[in-house]
Amino acid sequence: VFLSSSFFKLQNIPAISDGKHMGFAWGPGDILVYETRYKAPCILSQKDEDIYSPILRKLFNESHHIFVGLQTIREDLPSKINAQLVRKNPHSVFYSDIHFITLFSCTILTLICFLLKVSILLAIELIWNLCEVLFIDAAPAGSLLLHLLDWVRLHKADVDERASEVLQSESPAEHRDYWNVVVSYVLQGRLEEVRQMLVKQANLQPAARSMYKQMDTLLSKMPFYNPGGTQTLTEFDVKWRHWHEEVDRCLQDNSFASNRHLELICKILLGDEDTLLDHKELLGTWYHFLVTRLLFCHPTVKPTELHYYAQSCMTMFLDSRSVPEPLDNILLAAFEFDIHQVIKECSIALNNWWFVAHLTDLLDHCKLLQSHNLHFGSNLREFLLLEYASGLFTHHSLWQLAVDYFDHCPEFGRVYLELQIERVPLETERKALKVLRICEQRQMSEQVRSICKIMAMRALRNNRLGSALSWSIRAKDAAFATLISERFLQDYCAKGTFSDLDLIDNLGPAMLLSDRLTFLGKYREFHKLYGEKRFREAAKLLLSLMTAKIAPQSFWMTLLTDALPLLEQKEVMFLSLQEEDVEVTKVELLRLALARNLAQAIVKEGTVET
Amino acid sequence: MESINAKYVSQKISKTKWRPVSHSDLQLPEIFATGSWDNEDNRISIWSIGSNLSTSMEDGFEGDPQLICEHKHDGDVLDLQFLDQDRIVTASSTGAVTIFRHHQNSQTISVSQLWARAHRYPCDNAPCTGVVCSSPEIVTVGEDGRIVVFRADQEGVVRVIENADSSTIHAVTYLRTTEILTVNSIGQLKLWDFRQQSNSPSQILSLSGDRVPLHCVDRHPNQQHIVATGGQDGMLCVWDVRQGNTPFSLMEAHTAEMWEVHFHPTNPDHLFTCSEDGSLLHWETSSHSDMPSFLQGGRNSSMVSRSAMAPAGGKQPLISAWLSGDSSKGRLETTHMLPSQTLSVNSLDVLGPCLVCGTDGEAIFVNRQVPV
């Protein structure tokens with residue numbers, strides 16, 4: 001199966017040796033290229049522009065919204081309500097965006113690409129609606145045909161356009177397209193509109209009034225099954241056969257022989273195959289032919305019988321073209337109620353996982369999918385969602401959508417997310433915060449740590465010590481907080497003053513993150529106390545700093561130097577220590593005396609290590 | 001809650017702002033600007049929500065906002081403000097500050113002025129995170145911790161406060177015409193007085209306890225000492241900057257970063273916040289804050305007594321409902337304004353009865369009948 005789900009950039013690849021070929025395999029977001037002797041038939045690879053088109057971006061965002069909504073619907077809601085929720089939105093997605101075409105000047109090639117995209121989108125909607133009708137609504141015989149009629153009418157909008165053109169002309173009944181419109185309406189089973197159109201013709205031909213009246217009666221009497229009514233399917237069938245016989249009689253006794261148009265309509269009402277096939281251009285597609293034929297031959301068709309008719313209709317319709325197109329195969333698989341075949345064919349035909357991923361997810365939620373267990377253990381729905389989301393992750397902006405998809409893949413989603421989320425480039429703090437929030441909400445502590453470290457290092461390189469500290473607090477990274485404190489202390493040693501006082505003065509509980517940081521905060525406090533001439537408290541603090549052993553060794557000299565002026569005033573200082581334990585006081589005195597000695601010795605020797 | 005429709009715009013929206021309307025006209029806001037982020041080609045765009053006459057429409061919502069014009073923007077749009085009716089100032093992730101001019105007759109946008117490296121590191125660009133203006137003065141702040149003052153139509157910089165902050169400054173707002181307030185990523189509010197020549201703040205306020213980064217700030221429209229902030233933990237704090245170091249009220253608002261907080265400009269009993277968790281909350285205090293306290297009887301007297309603002313002398317200060325000092329929600333009503341399960345709501349703006357917001361789900365929501 002050929003899939004293209006990521007943007008293909010040209011890169012220099014080292015030369016492949018003689019006689020060998022290049023093979024490749026797609027990965028989530030990248031491609032593995034290798035040397036091989038095997039030569040496969042040529043496969044076209046193309047740039048996947050789908051992700052980048054603005055219209056498709058809207059599609060991706062809207063469908064993401066719907067997807068997330070679908071995941072949180074409670075289990076006990078009937079599947080039909082699920083489908084309603086989804087059905088409410090796709091039309092808005094498709095129609096509003098396709099009709100909102102702003103074609104500024106572009107080359108023919110762009111135009112073709114655009115139209116191709118539009119046609120793909122239309123095809124997707126066609127398939128999607130059919131899947132809803134057949135799989136999710138799962139209408140029984142009787143209603144099935146009505147739903148199929150709706151489906152065909154929805155996707156053949158040009159009839160209304162032509163009709164309005166005809167009706168707005170001066171003399172509608174004489175318009176050259178008049179009969180085409182009438183016949184198109186008949187083919188779609190829109191008999192009310194047919195009758196309204198025929199009235200105009202009848203007014204022009206008073207001589208043929210009785211004939212038109214007869215046709216009008218026939219049209220008005222065609223029974224349509226009413227699912228909500230009291231009539232059973234069998235009763236409807238009987239009634240329909242009566243009507244069918246009546247139409248047949250009209251044809252047999254040449255009631256409409258003088259007017260070829262009315263006779264044509266009569267034949268169509270009987271479901272005559274040859275007549276229908278004569279109007280291939282008006283039908284347009286084999287599935288329209290199928291629905292029309294069913295309408296006028298087998299309105300009580302059962303779902304299980306559908307594929308017989310589908311196959312034969314397709315064969316009859318497509319006699320000139322021998323090979324059906326991918327779309328035809330997909331629709332046929334749908335008529336055969338072969339969900340897996342539909343998904344498989346769609347995966348092959350469409351070069352983006354969007355459609356199959358969402359369709360499979362919807363079907364899975366309606367419990368219609370017996371999941372294949374693929375050999376690496378995850379089921380089909382998850383596989384498709386993972387492929388789709390991985391493709392999204394390669395996009396510079398849509399990666400955020402992918403996160404929710406991974407969340408709802410129970411088996412491998414988390415692993416995929418962990419691998420991908422670290423690759424998101426973090427150009428601004430705001431983006432880093434968003435990525436962090438995603439990781440924190442999912443308890444991905446390793447990724448949190450690594451992202452915070454990247455941002456903290458970057459801040460440190462730019463001398464933004466406050467930012468760096470804020471990142472290490474978020475990651476609760478004591479080691480990094482220590483690093484930052486070292487920077488501060490080095491700055492102090494170098495300049496003699498503290499930089500970024502607003503930060504150090506206001507550390508708050510963050511001070512406790514690392515010993516070094518605590519030391520920094522306390523040391524600054526010591527300076528403040530000294531500056532305010534609160535020598536006793538300053539001395540006490542300095543003492544505790546020395547004894548608590550949180551000062552880095554490189555700083556001991558500085559501490560001792562700070563202690564010097566206080567030692568000179570030691571009489572004043574120690575009066576406040578009366579309440580302390582005598583033994584402790586003795587130890588402290590000893591320590592201070594030693595320190596003083598050491599300081600004096602160093603000063604005397606005149607060798608100070610800088 | 002009325003239903004509110006999303007307009008998908010194929011770009012992640014980082015900022016939305018209504019174009020100011022002149023109060024005398026009693027017009028409803030019609031035009032808003034948006035900025036995008038995280039795109040290879042970012043843009044600023046101007047949108048219109050159509051005529052003001054459709055008051056009979058259901059749900060206060062008539063049709064989608066229509067794009068009028070747009071212009072390429074270098075870097076993410078990290079902040080956006082209207083300088084006047086025609087000009088928009090943006091703060092970019094490349095560190096640039098740009099003034100765009102909207103030509104109303106031709107419906108185009110052009111770059112009117114550009115300060116390319118307003119915010120920078122010694123060997124790199126630093127994103128400019130916030131901009132606030134009071135025409136013709138523009139004040140910007142950035143990740144480099146500097147505050148820069150510009151004047152529209154003047155080439156150079158008017159004033160720079162180097163090293164204003166050792167961490168990233170996330171947002172800025174005017175307190176008075178010569179005073180601004182900034183919030184940073186170590187949870188501090190700093191007041192800066194431009195009349196002083198020194199490069200240090202006149203006041204620093206912060207929460208005792210954890211230093212949670214603050215992301216947004218807004219001043220009460222009538223009472224200049226009341227300020228609301230929101231931060232990384234989604235808590236809404238209301239501060240009185242005259243009253244010292246701790247906030248007056250702390251309210252749990254969101255489960256993730258709060259990106260923007262706005263007092264309603266004409267009905268300041270209403271406050272709006274939006275967050276990374278995808279919700280947009282409308283806060284409403286129910287009190288009669290414009291009545292002097294001695295006329296308030298019964299229920300409201302308890303609110304008065306908790307407030308630390310005892311009257312001195314004859315003049316009765318106006319007591320704002322926000323400074324109740326009590327985070328109980330009895331007097332506070334909160335409503336969610338968006339359908340649940342949106343991606344992060346990055347920005348909101350409210351003017352009159354109209355609210356606009358933009359999300360990371362590439363959608364814009366407009367509500368034209370906000371109950372204020």
# chains A, B, ... in the order shown; residues from 1 in each chain; ligands from 1
$ closest_atom_pairs --of "chain A" --to "chain B" --cutoff "9 Å" --atoms "only C-alpha atoms" --output "CSV"
residue,atom,partner,partner_atom,distance
A:Ser53,CA,B:Ser10,CA,8.7
A:Pro54,CA,B:Ser10,CA,5.4
A:Ile55,CA,B:Ser10,CA,7.3
A:Leu56,CA,B:Ser10,CA,8.3
A:Arg57,CA,B:Ser10,CA,5.4
A:Lys58,CA,B:Ser10,CA,5.5
A:Leu59,CA,B:Tyr8,CA,8.7
A:Asn61,CA,B:Gly361,CA,6.0
A:Glu62,CA,B:Tyr8,CA,7.5
A:His64,CA,B:Gly361,CA,8.5
A:His65,CA,B:Thr342,CA,7.1
A:Val68,CA,B:Gln341,CA,7.2
A:Gly69,CA,B:Gln341,CA,7.2
A:His396,CA,B:Asn39,CA,6.6
A:Ser397,CA,B:Asp38,CA,5.6
A:Leu398,CA,B:Gly361,CA,8.8
A:Gln400,CA,B:Asp360,CA,7.9
A:Leu401,CA,B:Gly361,CA,7.6
A:Glu427,CA,B:Ser93,CA,8.1
A:Thr428,CA,B:Pro127,CA,6.7
A:Glu429,CA,B:Glu143,CA,8.1
A:Arg430,CA,B:Leu78,CA,8.8
A:Lys431,CA,B:Asp38,CA,8.3
A:Leu433,CA,B:Glu257,CA,8.6
A:Lys434,CA,B:Glu276,CA,7.6
A:Arg437,CA,B:Ala256,CA,7.5
A:Ala459,CA,B:Ser167,CA,8.8
A:Asn462,CA,B:Tyr121,CA,6.3
A:Asn463,CA,B:Ser166,CA,8.4
A:Arg464,CA,B:Ser166,CA,5.6
A:Leu465,CA,B:Ser166,CA,5.9
A:Gly466,CA,B:Ser167,CA,4.1
A:Ser467,CA,B:Ser167,CA,4.1
A:Ala468,CA,B:Ser167,CA,7.6
A:Leu469,CA,B:Ser167,CA,8.3
A:Ser470,CA,B:Ile186,CA,6.0
A:Ile473,CA,B:Arg211,CA,8.8
A:Ser499,CA,B:Ser166,CA,8.8
A:Asp500,CA,B:Ser166,CA,5.8
A:Leu501,CA,B:Ser166,CA,8.7
A:Asp502,CA,B:Asp165,CA,7.4
A:Leu503,CA,B:Ser166,CA,6.8
A:Asn506,CA,B:Ser206,CA,8.3
A:Leu507,CA,B:Arg211,CA,7.6
A:Gly508,CA,B:Gly209,CA,6.3
A:Pro509,CA,B:Gly209,CA,6.0
A:Ala510,CA,B:Asp210,CA,6.8
$ select_by_dssp --residues "range 279-357 of chain A" --states "alpha helix (DSSP H)" --output "PyMOL selection string"
chain A and resi 280-283+286-297+306-317+326-335+339-349+354-357
$ atom_distance --atom1 "CA of Cys133 in chain B" --atom2 "CA of Leu348 in chain B"
17.8 Å
$ atom_distance --atom1 "CA of Thr182 in chain B" --atom2 "CA of Pro353 in chain B"
28.5 Å
$ atom_distance --atom1 "CA of His119 in chain B" --atom2 "CA of Glu162 in chain B"
10.5 Å
$ closest_atom_pairs --of "range 149-185 of chain B" --to "range 110-117 of chain B" --cutoff "12 Å" --atoms "only C-alpha atoms" --output "tab-separated table"
residue	atom	partner	partner_atom	distance
B:Val149	CA	B:Trp115	CA	11.3
B:Phe150	CA	B:Trp115	CA	9.2
B:Arg151	CA	B:Gln113	CA	10.6
B:Ala152	CA	B:Gln113	CA	7.9
B:Asp153	CA	B:Gln113	CA	7.5
B:Gln154	CA	B:Gln113	CA	9.0
B:Glu155	CA	B:Trp115	CA	8.0
B:Gly156	CA	B:Trp115	CA	8.2
B:Val157	CA	B:Trp115	CA	8.8
$ closest_residue --among "B:His220, B:Arg242, B:His254, B:His262" --to "Gly278 in chain B" --atoms "only C-alpha atoms"
B:His254
$ closest_residue --among "A:Phe317, A:Phe236, A:Leu566, A:Tyr34" --to "Glu281 in chain A" --atoms "only C-alpha atoms"
A:Phe317
$ select_by_dssp --residues "range 158-252 of chain B" --states "strand (DSSP E)" --output "JSON, numbers by chain"
{"B": [158, 159, 160, 161, 169, 170, 171, 172, 173, 174, 175, 176, 179, 180, 181, 182, 183, 184, 188, 189, 190, 191, 192, 193, 203, 204, 205, 206, 214, 215, 216, 217, 218, 219, 226, 227, 228, 229, 230, 231, 235, 236, 237, 238, 239, 240, 249, 250, 251, 252]}
$ decode --residues "range 72-84 of chain B" --atoms "all heavy atoms" --output "PDB file, in the first residue's frame"
ATOM      1  N   LYS B  72       1.163  40.518   5.818  1.00  0.00           N
ATOM      2  CA  LYS B  72       2.157  39.600   6.350  1.00  0.00           C
ATOM      3  C   LYS B  72       2.812  40.200   7.586  1.00  0.00           C
ATOM      4  O   LYS B  72       3.022  41.399   7.685  1.00  0.00           O
ATOM      5  CB  LYS B  72       3.203  39.368   5.252  1.00  0.00           C
ATOM      6  CG  LYS B  72       4.253  38.363   5.594  1.00  0.00           C
ATOM      7  CD  LYS B  72       4.988  37.960   4.331  1.00  0.00           C
ATOM      8  CE  LYS B  72       6.465  37.701   4.533  1.00  0.00           C
ATOM      9  NZ  LYS B  72       6.897  37.156   5.797  1.00  0.00           N
ATOM     10  N   HIS B  73       3.150  39.314   8.535  1.00  0.00           N
ATOM     11  CA  HIS B  73       3.809  39.777   9.761  1.00  0.00           C
ATOM     12  C   HIS B  73       5.004  38.876  10.020  1.00  0.00           C
ATOM     13  O   HIS B  73       4.893  37.655   9.995  1.00  0.00           O
ATOM     14  CB  HIS B  73       2.820  39.699  10.928  1.00  0.00           C
ATOM     15  CG  HIS B  73       3.339  40.271  12.205  1.00  0.00           C
ATOM     16  ND1 HIS B  73       4.047  39.522  13.123  1.00  0.00           N
ATOM     17  CD2 HIS B  73       3.275  41.514  12.720  1.00  0.00           C
ATOM     18  CE1 HIS B  73       4.387  40.285  14.145  1.00  0.00           C
ATOM     19  NE2 HIS B  73       3.926  41.503  13.937  1.00  0.00           N
ATOM     20  N   ASP B  74       6.115  39.484  10.234  1.00  0.00           N
ATOM     21  CA  ASP B  74       7.337  38.730  10.461  1.00  0.00           C
ATOM     22  C   ASP B  74       7.380  38.240  11.902  1.00  0.00           C
ATOM     23  O   ASP B  74       7.468  39.037  12.821  1.00  0.00           O
ATOM     24  CB  ASP B  74       8.503  39.679  10.195  1.00  0.00           C
ATOM     25  CG  ASP B  74       9.707  38.924   9.708  1.00  0.00           C
ATOM     26  OD1 ASP B  74       9.552  37.739   9.347  1.00  0.00           O
ATOM     27  OD2 ASP B  74      10.788  39.515   9.697  1.00  0.00           O
ATOM     28  N   GLY B  75       7.318  36.942  12.107  1.00  0.00           N
ATOM     29  CA  GLY B  75       7.338  36.441  13.479  1.00  0.00           C
ATOM     30  C   GLY B  75       5.934  36.348  14.059  1.00  0.00           C
ATOM     31  O   GLY B  75       4.975  36.890  13.518  1.00  0.00           O
ATOM     32  N   ASP B  76       5.815  35.645  15.190  1.00  0.00           N
ATOM     33  CA  ASP B  76       4.509  35.526  15.851  1.00  0.00           C
ATOM     34  C   ASP B  76       4.048  36.892  16.329  1.00  0.00           C
ATOM     35  O   ASP B  76       4.846  37.702  16.791  1.00  0.00           O
ATOM     36  CB  ASP B  76       4.616  34.635  17.098  1.00  0.00           C
ATOM     37  CG  ASP B  76       5.000  33.218  16.754  1.00  0.00           C
ATOM     38  OD1 ASP B  76       4.870  32.833  15.577  1.00  0.00           O
ATOM     39  OD2 ASP B  76       5.435  32.498  17.665  1.00  0.00           O
ATOM     40  N   VAL B  77       2.746  37.112  16.268  1.00  0.00           N
ATOM     41  CA  VAL B  77       2.188  38.348  16.835  1.00  0.00           C
ATOM     42  C   VAL B  77       1.971  38.092  18.322  1.00  0.00           C
ATOM     43  O   VAL B  77       1.041  37.388  18.699  1.00  0.00           O
ATOM     44  CB  VAL B  77       0.847  38.690  16.160  1.00  0.00           C
ATOM     45  CG1 VAL B  77       0.241  39.931  16.799  1.00  0.00           C
ATOM     46  CG2 VAL B  77       1.042  38.924  14.681  1.00  0.00           C
ATOM     47  N   LEU B  78       2.822  38.631  19.166  1.00  0.00           N
ATOM     48  CA  LEU B  78       2.684  38.333  20.589  1.00  0.00           C
ATOM     49  C   LEU B  78       1.813  39.348  21.312  1.00  0.00           C
ATOM     50  O   LEU B  78       1.310  39.085  22.393  1.00  0.00           O
ATOM     51  CB  LEU B  78       4.066  38.252  21.258  1.00  0.00           C
ATOM     52  CG  LEU B  78       4.888  37.052  20.811  1.00  0.00           C
ATOM     53  CD1 LEU B  78       6.233  37.030  21.525  1.00  0.00           C
ATOM     54  CD2 LEU B  78       4.148  35.762  21.111  1.00  0.00           C
ATOM     55  N   ASP B  79       1.665  40.521  20.737  1.00  0.00           N
ATOM     56  CA  ASP B  79       0.698  41.468  21.285  1.00  0.00           C
ATOM     57  C   ASP B  79       0.276  42.425  20.189  1.00  0.00           C
ATOM     58  O   ASP B  79       1.006  42.643  19.210  1.00  0.00           O
ATOM     59  CB  ASP B  79       1.278  42.242  22.477  1.00  0.00           C
ATOM     60  CG  ASP B  79       0.184  42.786  23.389  1.00  0.00           C
ATOM     61  OD1 ASP B  79      -1.008  42.629  23.049  1.00  0.00           O
ATOM     62  OD2 ASP B  79       0.515  43.363  24.431  1.00  0.00           O
ATOM     63  N   LEU B  80      -0.903  42.991  20.370  1.00  0.00           N
ATOM     64  CA  LEU B  80      -1.489  43.830  19.335  1.00  0.00           C
ATOM     65  C   LEU B  80      -2.364  44.877  20.006  1.00  0.00           C
ATOM     66  O   LEU B  80      -3.152  44.551  20.888  1.00  0.00           O
ATOM     67  CB  LEU B  80      -2.333  42.924  18.432  1.00  0.00           C
ATOM     68  CG  LEU B  80      -2.989  43.461  17.162  1.00  0.00           C
ATOM     69  CD1 LEU B  80      -3.138  42.333  16.167  1.00  0.00           C
ATOM     70  CD2 LEU B  80      -4.347  44.024  17.462  1.00  0.00           C
ATOM     71  N   GLN B  81      -2.193  46.124  19.635  1.00  0.00           N
ATOM     72  CA  GLN B  81      -3.016  47.195  20.208  1.00  0.00           C
ATOM     73  C   GLN B  81      -3.366  48.182  19.119  1.00  0.00           C
ATOM     74  O   GLN B  81      -2.591  48.404  18.193  1.00  0.00           O
ATOM     75  CB  GLN B  81      -2.241  47.965  21.285  1.00  0.00           C
ATOM     76  CG  GLN B  81      -1.826  47.175  22.492  1.00  0.00           C
ATOM     77  CD  GLN B  81      -2.964  46.943  23.441  1.00  0.00           C
ATOM     78  OE1 GLN B  81      -4.008  47.571  23.347  1.00  0.00           O
ATOM     79  NE2 GLN B  81      -2.771  46.013  24.360  1.00  0.00           N
ATOM     80  N   PHE B  82      -4.513  48.808  19.236  1.00  0.00           N
ATOM     81  CA  PHE B  82      -4.863  49.898  18.334  1.00  0.00           C
ATOM     82  C   PHE B  82      -4.282  51.178  18.889  1.00  0.00           C
ATOM     83  O   PHE B  82      -4.576  51.570  20.019  1.00  0.00           O
ATOM     84  CB  PHE B  82      -6.390  50.018  18.219  1.00  0.00           C
ATOM     85  CG  PHE B  82      -6.983  49.139  17.159  1.00  0.00           C
ATOM     86  CD1 PHE B  82      -7.413  47.863  17.464  1.00  0.00           C
ATOM     87  CD2 PHE B  82      -7.100  49.590  15.847  1.00  0.00           C
ATOM     88  CE1 PHE B  82      -7.959  47.041  16.487  1.00  0.00           C
ATOM     89  CE2 PHE B  82      -7.642  48.778  14.860  1.00  0.00           C
ATOM     90  CZ  PHE B  82      -8.070  47.499  15.188  1.00  0.00           C
ATOM     91  N   LEU B  83      -3.479  51.840  18.076  1.00  0.00           N
ATOM     92  CA  LEU B  83      -2.915  53.115  18.488  1.00  0.00           C
ATOM     93  C   LEU B  83      -3.974  54.197  18.333  1.00  0.00           C
ATOM     94  O   LEU B  83      -4.146  55.062  19.179  1.00  0.00           O
ATOM     95  CB  LEU B  83      -1.691  53.409  17.617  1.00  0.00           C
ATOM     96  CG  LEU B  83      -0.829  54.606  17.941  1.00  0.00           C
ATOM     97  CD1 LEU B  83      -0.271  54.486  19.330  1.00  0.00           C
ATOM     98  CD2 LEU B  83       0.312  54.698  16.928  1.00  0.00           C
ATOM     99  N   ASP B  84      -4.690  54.132  17.227  1.00  0.00           N
ATOM    100  CA  ASP B  84      -5.853  54.996  17.025  1.00  0.00           C
ATOM    101  C   ASP B  84      -6.756  54.284  16.016  1.00  0.00           C
ATOM    102  O   ASP B  84      -6.594  53.096  15.789  1.00  0.00           O
ATOM    103  CB  ASP B  84      -5.441  56.395  16.536  1.00  0.00           C
ATOM    104  CG  ASP B  84      -4.512  56.331  15.338  1.00  0.00           C
ATOM    105  OD1 ASP B  84      -4.648  55.405  14.510  1.00  0.00           O
ATOM    106  OD2 ASP B  84      -3.639  57.196  15.213  1.00  0.00           O
TER     107      ASP B  84
END
